[in-house]
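Structure data (mmCIF, N, CA and C atoms) from my_file07.cif:
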data_input
loop_
_atom_site.group_PDB
_atom_site.id
_atom_site.type_symbol
_atom_site.label_atom_id
_atom_site.label_comp_id
_atom_site.auth_asym_id
_atom_site.auth_seq_id
_atom_site.Cartn_x
_atom_site.Cartn_y
_atom_site.Cartn_z
ATOM 1 N N MET A 436 12.697 -8.184 -25.922
ATOM 2 C CA MET A 436 11.816 -8.693 -24.907
ATOM 3 C C MET A 436 12.252 -8.263 -23.504
ATOM 4 N N PRO A 437 13.553 -8.296 -23.172
ATOM 5 C CA PRO A 437 13.955 -7.864 -21.834
ATOM 6 C C PRO A 437 13.615 -6.392 -21.565
ATOM 7 N N VAL A 438 13.639 -5.567 -22.597
ATOM 8 C CA VAL A 438 13.318 -4.153 -22.414
ATOM 9 C C VAL A 438 11.847 -4.007 -22.039
ATOM 10 N N LEU A 439 10.982 -4.783 -22.675
ATOM 11 C CA LEU A 439 9.552 -4.743 -22.361
ATOM 12 C C LEU A 439 9.300 -5.195 -20.926
ATOM 13 N N ALA A 440 9.988 -6.224 -20.479
ATOM 14 C CA ALA A 440 9.832 -6.701 -19.107
ATOM 15 C C ALA A 440 10.329 -5.660 -18.108
ATOM 16 N N LEU A 441 11.419 -4.987 -18.426
ATOM 17 C CA LEU A 441 11.957 -3.953 -17.547
ATOM 18 C C LEU A 441 11.008 -2.769 -17.449
ATOM 19 N N VAL A 442 10.484 -2.326 -18.576
ATOM 20 C CA VAL A 442 9.543 -1.206 -18.585
ATOM 21 C C VAL A 442 8.274 -1.573 -17.831
ATOM 22 N N SER A 443 7.799 -2.785 -18.025
ATOM 23 C CA SER A 443 6.611 -3.252 -17.316
ATOM 24 C C SER A 443 6.844 -3.286 -15.805
ATOM 25 N N ALA A 444 7.983 -3.788 -15.384
ATOM 26 C CA ALA A 444 8.300 -3.850 -13.954
ATOM 27 C C ALA A 444 8.419 -2.451 -13.361
ATOM 28 N N LEU A 445 9.027 -1.535 -14.084
ATOM 29 C CA LEU A 445 9.133 -0.158 -13.597
ATOM 30 C C LEU A 445 7.761 0.494 -13.466
ATOM 31 N N PHE A 446 6.880 0.238 -14.415
ATOM 32 C CA PHE A 446 5.524 0.780 -14.349
ATOM 33 C C PHE A 446 4.775 0.239 -13.136
ATOM 34 N N VAL A 447 4.881 -1.055 -12.881
ATOM 35 C CA VAL A 447 4.185 -1.670 -11.751
ATOM 36 C C VAL A 447 4.712 -1.119 -10.434
ATOM 37 N N VAL A 448 6.008 -1.021 -10.295
ATOM 38 C CA VAL A 448 6.598 -0.489 -9.061
ATOM 39 C C VAL A 448 6.212 0.974 -8.873
ATOM 40 N N GLY A 449 6.245 1.734 -9.931
ATOM 41 C CA GLY A 449 5.843 3.138 -9.852
ATOM 42 C C GLY A 449 4.382 3.294 -9.472
ATOM 43 N N PHE A 450 3.524 2.469 -10.048
ATOM 44 C CA PHE A 450 2.102 2.516 -9.728
ATOM 45 C C PHE A 450 1.858 2.168 -8.263
ATOM 46 N N GLU A 451 2.535 1.139 -7.771
ATOM 47 C CA GLU A 451 2.387 0.759 -6.363
ATOM 48 C C GLU A 451 2.853 1.878 -5.433
ATOM 49 N N GLN A 452 3.922 2.562 -5.799
ATOM 50 C CA GLN A 452 4.411 3.660 -4.970
ATOM 51 C C GLN A 452 3.422 4.820 -4.941
ATOM 52 N N VAL A 453 2.824 5.126 -6.074
ATOM 53 C CA VAL A 453 1.821 6.198 -6.125
ATOM 54 C C VAL A 453 0.600 5.833 -5.298
ATOM 55 N N VAL A 454 0.152 4.593 -5.396
ATOM 56 C CA VAL A 454 -1.008 4.153 -4.613
ATOM 57 C C VAL A 454 -0.688 4.213 -3.127
ATOM 58 N N GLU A 455 0.497 3.762 -2.733
ATOM 59 C CA GLU A 455 0.863 3.800 -1.319
ATOM 60 C C GLU A 455 0.967 5.240 -0.825
ATOM 61 N N TRP A 456 1.524 6.122 -1.618
ATOM 62 C CA TRP A 456 1.658 7.514 -1.218
ATOM 63 C C TRP A 456 0.287 8.178 -1.086
ATOM 64 N N ARG A 457 -0.605 7.874 -2.002
ATOM 65 C CA ARG A 457 -1.917 8.531 -2.035
ATOM 66 C C ARG A 457 -2.913 7.908 -1.047
ATOM 67 N N PHE A 458 -2.939 6.583 -0.924
ATOM 68 C CA PHE A 458 -3.974 5.908 -0.151
ATOM 69 C C PHE A 458 -3.464 5.111 1.038
ATOM 70 N N GLY A 459 -2.178 5.057 1.249
ATOM 71 C CA GLY A 459 -1.622 4.388 2.417
ATOM 72 C C GLY A 459 -1.681 2.870 2.317
ATOM 73 N N ALA A 460 -1.725 2.258 3.474
ATOM 74 C CA ALA A 460 -1.684 0.795 3.558
ATOM 75 C C ALA A 460 -2.928 0.158 2.943
ATOM 76 N N ALA A 461 -4.087 0.800 3.084
ATOM 77 C CA ALA A 461 -5.313 0.241 2.505
ATOM 78 C C ALA A 461 -5.214 0.175 0.980
ATOM 79 N N GLY A 462 -4.563 1.137 0.373
ATOM 80 C CA GLY A 462 -4.372 1.113 -1.074
ATOM 81 C C GLY A 462 -3.487 -0.034 -1.519
ATOM 82 N N ILE A 463 -2.447 -0.280 -0.754
ATOM 83 C CA ILE A 463 -1.553 -1.400 -1.087
ATOM 84 C C ILE A 463 -2.291 -2.726 -0.936
ATOM 85 N N VAL A 464 -3.117 -2.854 0.091
ATOM 86 C CA VAL A 464 -3.898 -4.087 0.272
ATOM 87 C C VAL A 464 -4.850 -4.275 -0.910
ATOM 88 N N GLY A 465 -5.484 -3.187 -1.363
ATOM 89 C CA GLY A 465 -6.383 -3.280 -2.502
ATOM 90 C C GLY A 465 -5.669 -3.710 -3.765
ATOM 91 N N VAL A 466 -4.516 -3.124 -4.041
ATOM 92 C CA VAL A 466 -3.738 -3.506 -5.225
ATOM 93 C C VAL A 466 -3.266 -4.947 -5.101
ATOM 94 N N LEU A 467 -2.852 -5.345 -3.918
ATOM 95 C CA LEU A 467 -2.396 -6.719 -3.704
ATOM 96 C C LEU A 467 -3.533 -7.710 -3.938
ATOM 97 N N LEU A 468 -4.717 -7.426 -3.382
ATOM 98 C CA LEU A 468 -5.858 -8.321 -3.597
ATOM 99 C C LEU A 468 -6.234 -8.401 -5.073
ATOM 100 N N LEU A 469 -6.236 -7.264 -5.735
ATOM 101 C CA LEU A 469 -6.579 -7.242 -7.153
ATOM 102 C C LEU A 469 -5.571 -8.044 -7.968
ATOM 103 N N THR A 470 -4.293 -7.862 -7.698
ATOM 104 C CA THR A 470 -3.254 -8.570 -8.442
ATOM 105 C C THR A 470 -3.294 -10.069 -8.188
ATOM 106 N N VAL A 471 -3.411 -10.450 -6.929
ATOM 107 C CA VAL A 471 -3.446 -11.879 -6.592
ATOM 108 C C VAL A 471 -4.692 -12.532 -7.192
ATOM 109 N N GLY A 472 -5.818 -11.833 -7.124
ATOM 110 C CA GLY A 472 -7.044 -12.382 -7.685
ATOM 111 C C GLY A 472 -6.964 -12.575 -9.188
ATOM 112 N N LEU A 473 -6.347 -11.623 -9.882
ATOM 113 C CA LEU A 473 -6.213 -11.758 -11.335
ATOM 114 C C LEU A 473 -5.264 -12.890 -11.707
ATOM 115 N N ARG A 474 -4.176 -13.010 -10.976
ATOM 116 C CA ARG A 474 -3.206 -14.067 -11.299
ATOM 117 C C ARG A 474 -3.743 -15.449 -10.951
ATOM 118 N N ALA A 475 -4.519 -15.545 -9.861
ATOM 119 C CA ALA A 475 -5.075 -16.826 -9.449
ATOM 120 C C ALA A 475 -6.403 -17.116 -10.146
ATOM 121 N N LYS A 476 -6.876 -16.161 -10.962
ATOM 122 C CA LYS A 476 -8.157 -16.269 -11.656
ATOM 123 C C LYS A 476 -9.283 -16.508 -10.662
ATOM 124 N N SER A 477 -9.244 -15.743 -9.572
ATOM 125 C CA SER A 477 -10.268 -15.814 -8.533
ATOM 126 C C SER A 477 -11.097 -14.538 -8.581
ATOM 127 N N PRO A 478 -12.324 -14.629 -9.069
ATOM 128 C CA PRO A 478 -13.146 -13.424 -9.179
ATOM 129 C C PRO A 478 -13.475 -12.795 -7.820
ATOM 130 N N ALA A 479 -13.607 -13.597 -6.788
ATOM 131 C CA ALA A 479 -13.956 -13.055 -5.474
ATOM 132 C C ALA A 479 -12.830 -12.184 -4.918
ATOM 133 N N VAL A 480 -11.602 -12.645 -5.026
ATOM 134 C CA VAL A 480 -10.469 -11.902 -4.481
ATOM 135 C C VAL A 480 -10.201 -10.647 -5.303
ATOM 136 N N SER A 481 -10.243 -10.777 -6.624
ATOM 137 C CA SER A 481 -10.007 -9.602 -7.454
ATOM 138 C C SER A 481 -11.129 -8.582 -7.306
ATOM 139 N N SER A 482 -12.345 -9.030 -7.108
ATOM 140 C CA SER A 482 -13.461 -8.112 -6.883
ATOM 141 C C SER A 482 -13.314 -7.384 -5.555
ATOM 142 N N ALA A 483 -12.843 -8.076 -4.539
ATOM 143 C CA ALA A 483 -12.625 -7.437 -3.241
ATOM 144 C C ALA A 483 -11.568 -6.335 -3.356
ATOM 145 N N GLY A 484 -10.510 -6.597 -4.076
ATOM 146 C CA GLY A 484 -9.481 -5.580 -4.286
ATOM 147 C C GLY A 484 -9.997 -4.407 -5.090
ATOM 148 N N ALA A 485 -10.779 -4.687 -6.126
ATOM 149 C CA ALA A 485 -11.331 -3.612 -6.950
ATOM 150 C C ALA A 485 -12.315 -2.751 -6.162
ATOM 151 N N VAL A 486 -13.133 -3.386 -5.329
ATOM 152 C CA VAL A 486 -14.091 -2.634 -4.504
ATOM 153 C C VAL A 486 -13.350 -1.777 -3.488
ATOM 154 N N LEU A 487 -12.315 -2.310 -2.874
ATOM 155 C CA LEU A 487 -11.542 -1.540 -1.908
ATOM 156 C C LEU A 487 -10.911 -0.312 -2.568
ATOM 157 N N LEU A 488 -10.338 -0.489 -3.746
ATOM 158 C CA LEU A 488 -9.752 0.652 -4.454
ATOM 159 C C LEU A 488 -10.821 1.662 -4.876
ATOM 160 N N ALA A 489 -11.987 1.173 -5.288
ATOM 161 C CA ALA A 489 -13.069 2.083 -5.674
ATOM 162 C C ALA A 489 -13.554 2.893 -4.479
ATOM 163 N N ILE A 490 -13.646 2.255 -3.313
ATOM 164 C CA ILE A 490 -14.059 2.976 -2.106
ATOM 165 C C ILE A 490 -13.025 4.025 -1.732
ATOM 166 N N LEU A 491 -11.752 3.689 -1.859
ATOM 167 C CA LEU A 491 -10.711 4.657 -1.548
ATOM 168 C C LEU A 491 -10.735 5.838 -2.508
ATOM 169 N N LEU A 492 -11.001 5.563 -3.781
ATOM 170 C CA LEU A 492 -11.061 6.635 -4.773
ATOM 171 C C LEU A 492 -12.306 7.514 -4.598
ATOM 172 N N ALA A 493 -13.421 6.915 -4.235
ATOM 173 C CA ALA A 493 -14.669 7.651 -4.104
ATOM 174 C C ALA A 493 -14.854 8.242 -2.710
ATOM 175 N N GLY A 494 -13.983 7.908 -1.784
ATOM 176 C CA GLY A 494 -14.113 8.370 -0.401
ATOM 177 C C GLY A 494 -14.286 9.864 -0.253
ATOM 178 N N PRO A 495 -13.463 10.704 -0.876
ATOM 179 C CA PRO A 495 -13.638 12.150 -0.720
ATOM 180 C C PRO A 495 -14.952 12.657 -1.316
ATOM 181 N N ALA A 496 -15.489 11.981 -2.316
ATOM 182 C CA ALA A 496 -16.724 12.421 -2.951
ATOM 183 C C ALA A 496 -17.951 12.043 -2.133
ATOM 184 N N LEU A 497 -17.815 11.058 -1.264
ATOM 185 C CA LEU A 497 -18.957 10.625 -0.456
ATOM 186 C C LEU A 497 -19.079 11.527 0.689
#

Take the structure I supplied and represent it as structure tokens, if you would.
Amino acid sequence: MPVLALVSALFVVGFEQVVEWRFGAAGIVGVLLLTVGLRAKSPAVSSAGAVLLAILLAGPAL
């Protein structure tokens, strides 16, 4: 079980670093809103984070 928790934590930290490198501070805010919304079971907050990340991902295509 500790190995699974360690691997999970490394994946989350790595993902956050990639998002910050690629999308800057707005990407971190989006991931933070999405994570907090999912943990608090708040659809409004998690939706705001998901929309922000979607806009950042689709930005070059628009």

Output the residue selection produced by the PyMOL selection byres ((chain A and resi 465) around 7) on the file above, formatted as a PDB file with N, CA and C atoms, keeping the file's coordinate frame.
ATOM      1  N   ALA A 460      -1.725   2.258   3.474  1.00  0.00           N
ATOM      2  CA  ALA A 460      -1.684   0.795   3.558  1.00  0.00           C
ATOM      3  C   ALA A 460      -2.928   0.158   2.943  1.00  0.00           C
ATOM      4  N   ALA A 461      -4.087   0.800   3.084  1.00  0.00           N
ATOM      5  CA  ALA A 461      -5.313   0.241   2.505  1.00  0.00           C
ATOM      6  C   ALA A 461      -5.214   0.175   0.980  1.00  0.00           C
ATOM      7  N   GLY A 462      -4.563   1.137   0.373  1.00  0.00           N
ATOM      8  CA  GLY A 462      -4.372   1.113  -1.074  1.00  0.00           C
ATOM      9  C   GLY A 462      -3.487  -0.034  -1.519  1.00  0.00           C
ATOM     10  N   ILE A 463      -2.447  -0.280  -0.754  1.00  0.00           N
ATOM     11  CA  ILE A 463      -1.553  -1.400  -1.087  1.00  0.00           C
ATOM     12  C   ILE A 463      -2.291  -2.726  -0.936  1.00  0.00           C
ATOM     13  N   VAL A 464      -3.117  -2.854   0.091  1.00  0.00           N
ATOM     14  CA  VAL A 464      -3.898  -4.087   0.272  1.00  0.00           C
ATOM     15  C   VAL A 464      -4.850  -4.275  -0.910  1.00  0.00           C
ATOM     16  N   VAL A 466      -4.516  -3.124  -4.041  1.00  0.00           N
ATOM     17  CA  VAL A 466      -3.738  -3.506  -5.225  1.00  0.00           C
ATOM     18  C   VAL A 466      -3.266  -4.947  -5.101  1.00  0.00           C
ATOM     19  N   LEU A 467      -2.852  -5.345  -3.918  1.00  0.00           N
ATOM     20  CA  LEU A 467      -2.396  -6.719  -3.704  1.00  0.00           C
ATOM     21  C   LEU A 467      -3.533  -7.710  -3.938  1.00  0.00           C
ATOM     22  N   LEU A 468      -4.717  -7.426  -3.382  1.00  0.00           N
ATOM     23  CA  LEU A 468      -5.858  -8.321  -3.597  1.00  0.00           C
ATOM     24  C   LEU A 468      -6.234  -8.401  -5.073  1.00  0.00           C
ATOM     25  N   LEU A 469      -6.236  -7.264  -5.735  1.00  0.00           N
ATOM     26  CA  LEU A 469      -6.579  -7.242  -7.153  1.00  0.00           C
ATOM     27  C   LEU A 469      -5.571  -8.044  -7.968  1.00  0.00           C
ATOM     28  N   THR A 470      -4.293  -7.862  -7.698  1.00  0.00           N
ATOM     29  CA  THR A 470      -3.254  -8.570  -8.442  1.00  0.00           C
ATOM     30  C   THR A 470      -3.294 -10.069  -8.188  1.00  0.00           C
ATOM     31  N   ALA A 483     -12.843  -8.076  -4.539  1.00  0.00           N
ATOM     32  CA  ALA A 483     -12.625  -7.437  -3.241  1.00  0.00           C
ATOM     33  C   ALA A 483     -11.568  -6.335  -3.356  1.00  0.00           C
ATOM     34  N   GLY A 484     -10.510  -6.597  -4.076  1.00  0.00           N
ATOM     35  CA  GLY A 484      -9.481  -5.580  -4.286  1.00  0.00           C
ATOM     36  C   GLY A 484      -9.997  -4.407  -5.090  1.00  0.00           C
ATOM     37  N   ALA A 485     -10.779  -4.687  -6.126  1.00  0.00           N
ATOM     38  CA  ALA A 485     -11.331  -3.612  -6.950  1.00  0.00           C
ATOM     39  C   ALA A 485     -12.315  -2.751  -6.162  1.00  0.00           C
ATOM     40  N   LEU A 487     -12.315  -2.310  -2.874  1.00  0.00           N
ATOM     41  CA  LEU A 487     -11.542  -1.540  -1.908  1.00  0.00           C
ATOM     42  C   LEU A 487     -10.911  -0.312  -2.568  1.00  0.00           C
ATOM     43  N   LEU A 488     -10.338  -0.489  -3.746  1.00  0.00           N
ATOM     44  CA  LEU A 488      -9.752   0.652  -4.454  1.00  0.00           C
ATOM     45  C   LEU A 488     -10.821   1.662  -4.876  1.00  0.00           C
TER      46      LEU A 488
END

> Between atom N of Ala440 of chain A and atom CA of Val454 of chain A, what is the distance, to one decimal in Å?
Replying inline: 21.9 Å

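Here atom C of Val438 of chain A is placed at a distance of 18.9 Å from atom CA of Glu451 of chain A.
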
Find the smallest box with edges along x, y and z containing every listed atom of segment 477-480 of chain A, then add 4 Å on each side and report centre and edge lengths in Å to one decimal, as JSON.
{"center_x": -11.6, "center_y": -13.2, "center_z": -7.0, "size_x": 12.7, "size_y": 13.2, "size_z": 13.1}
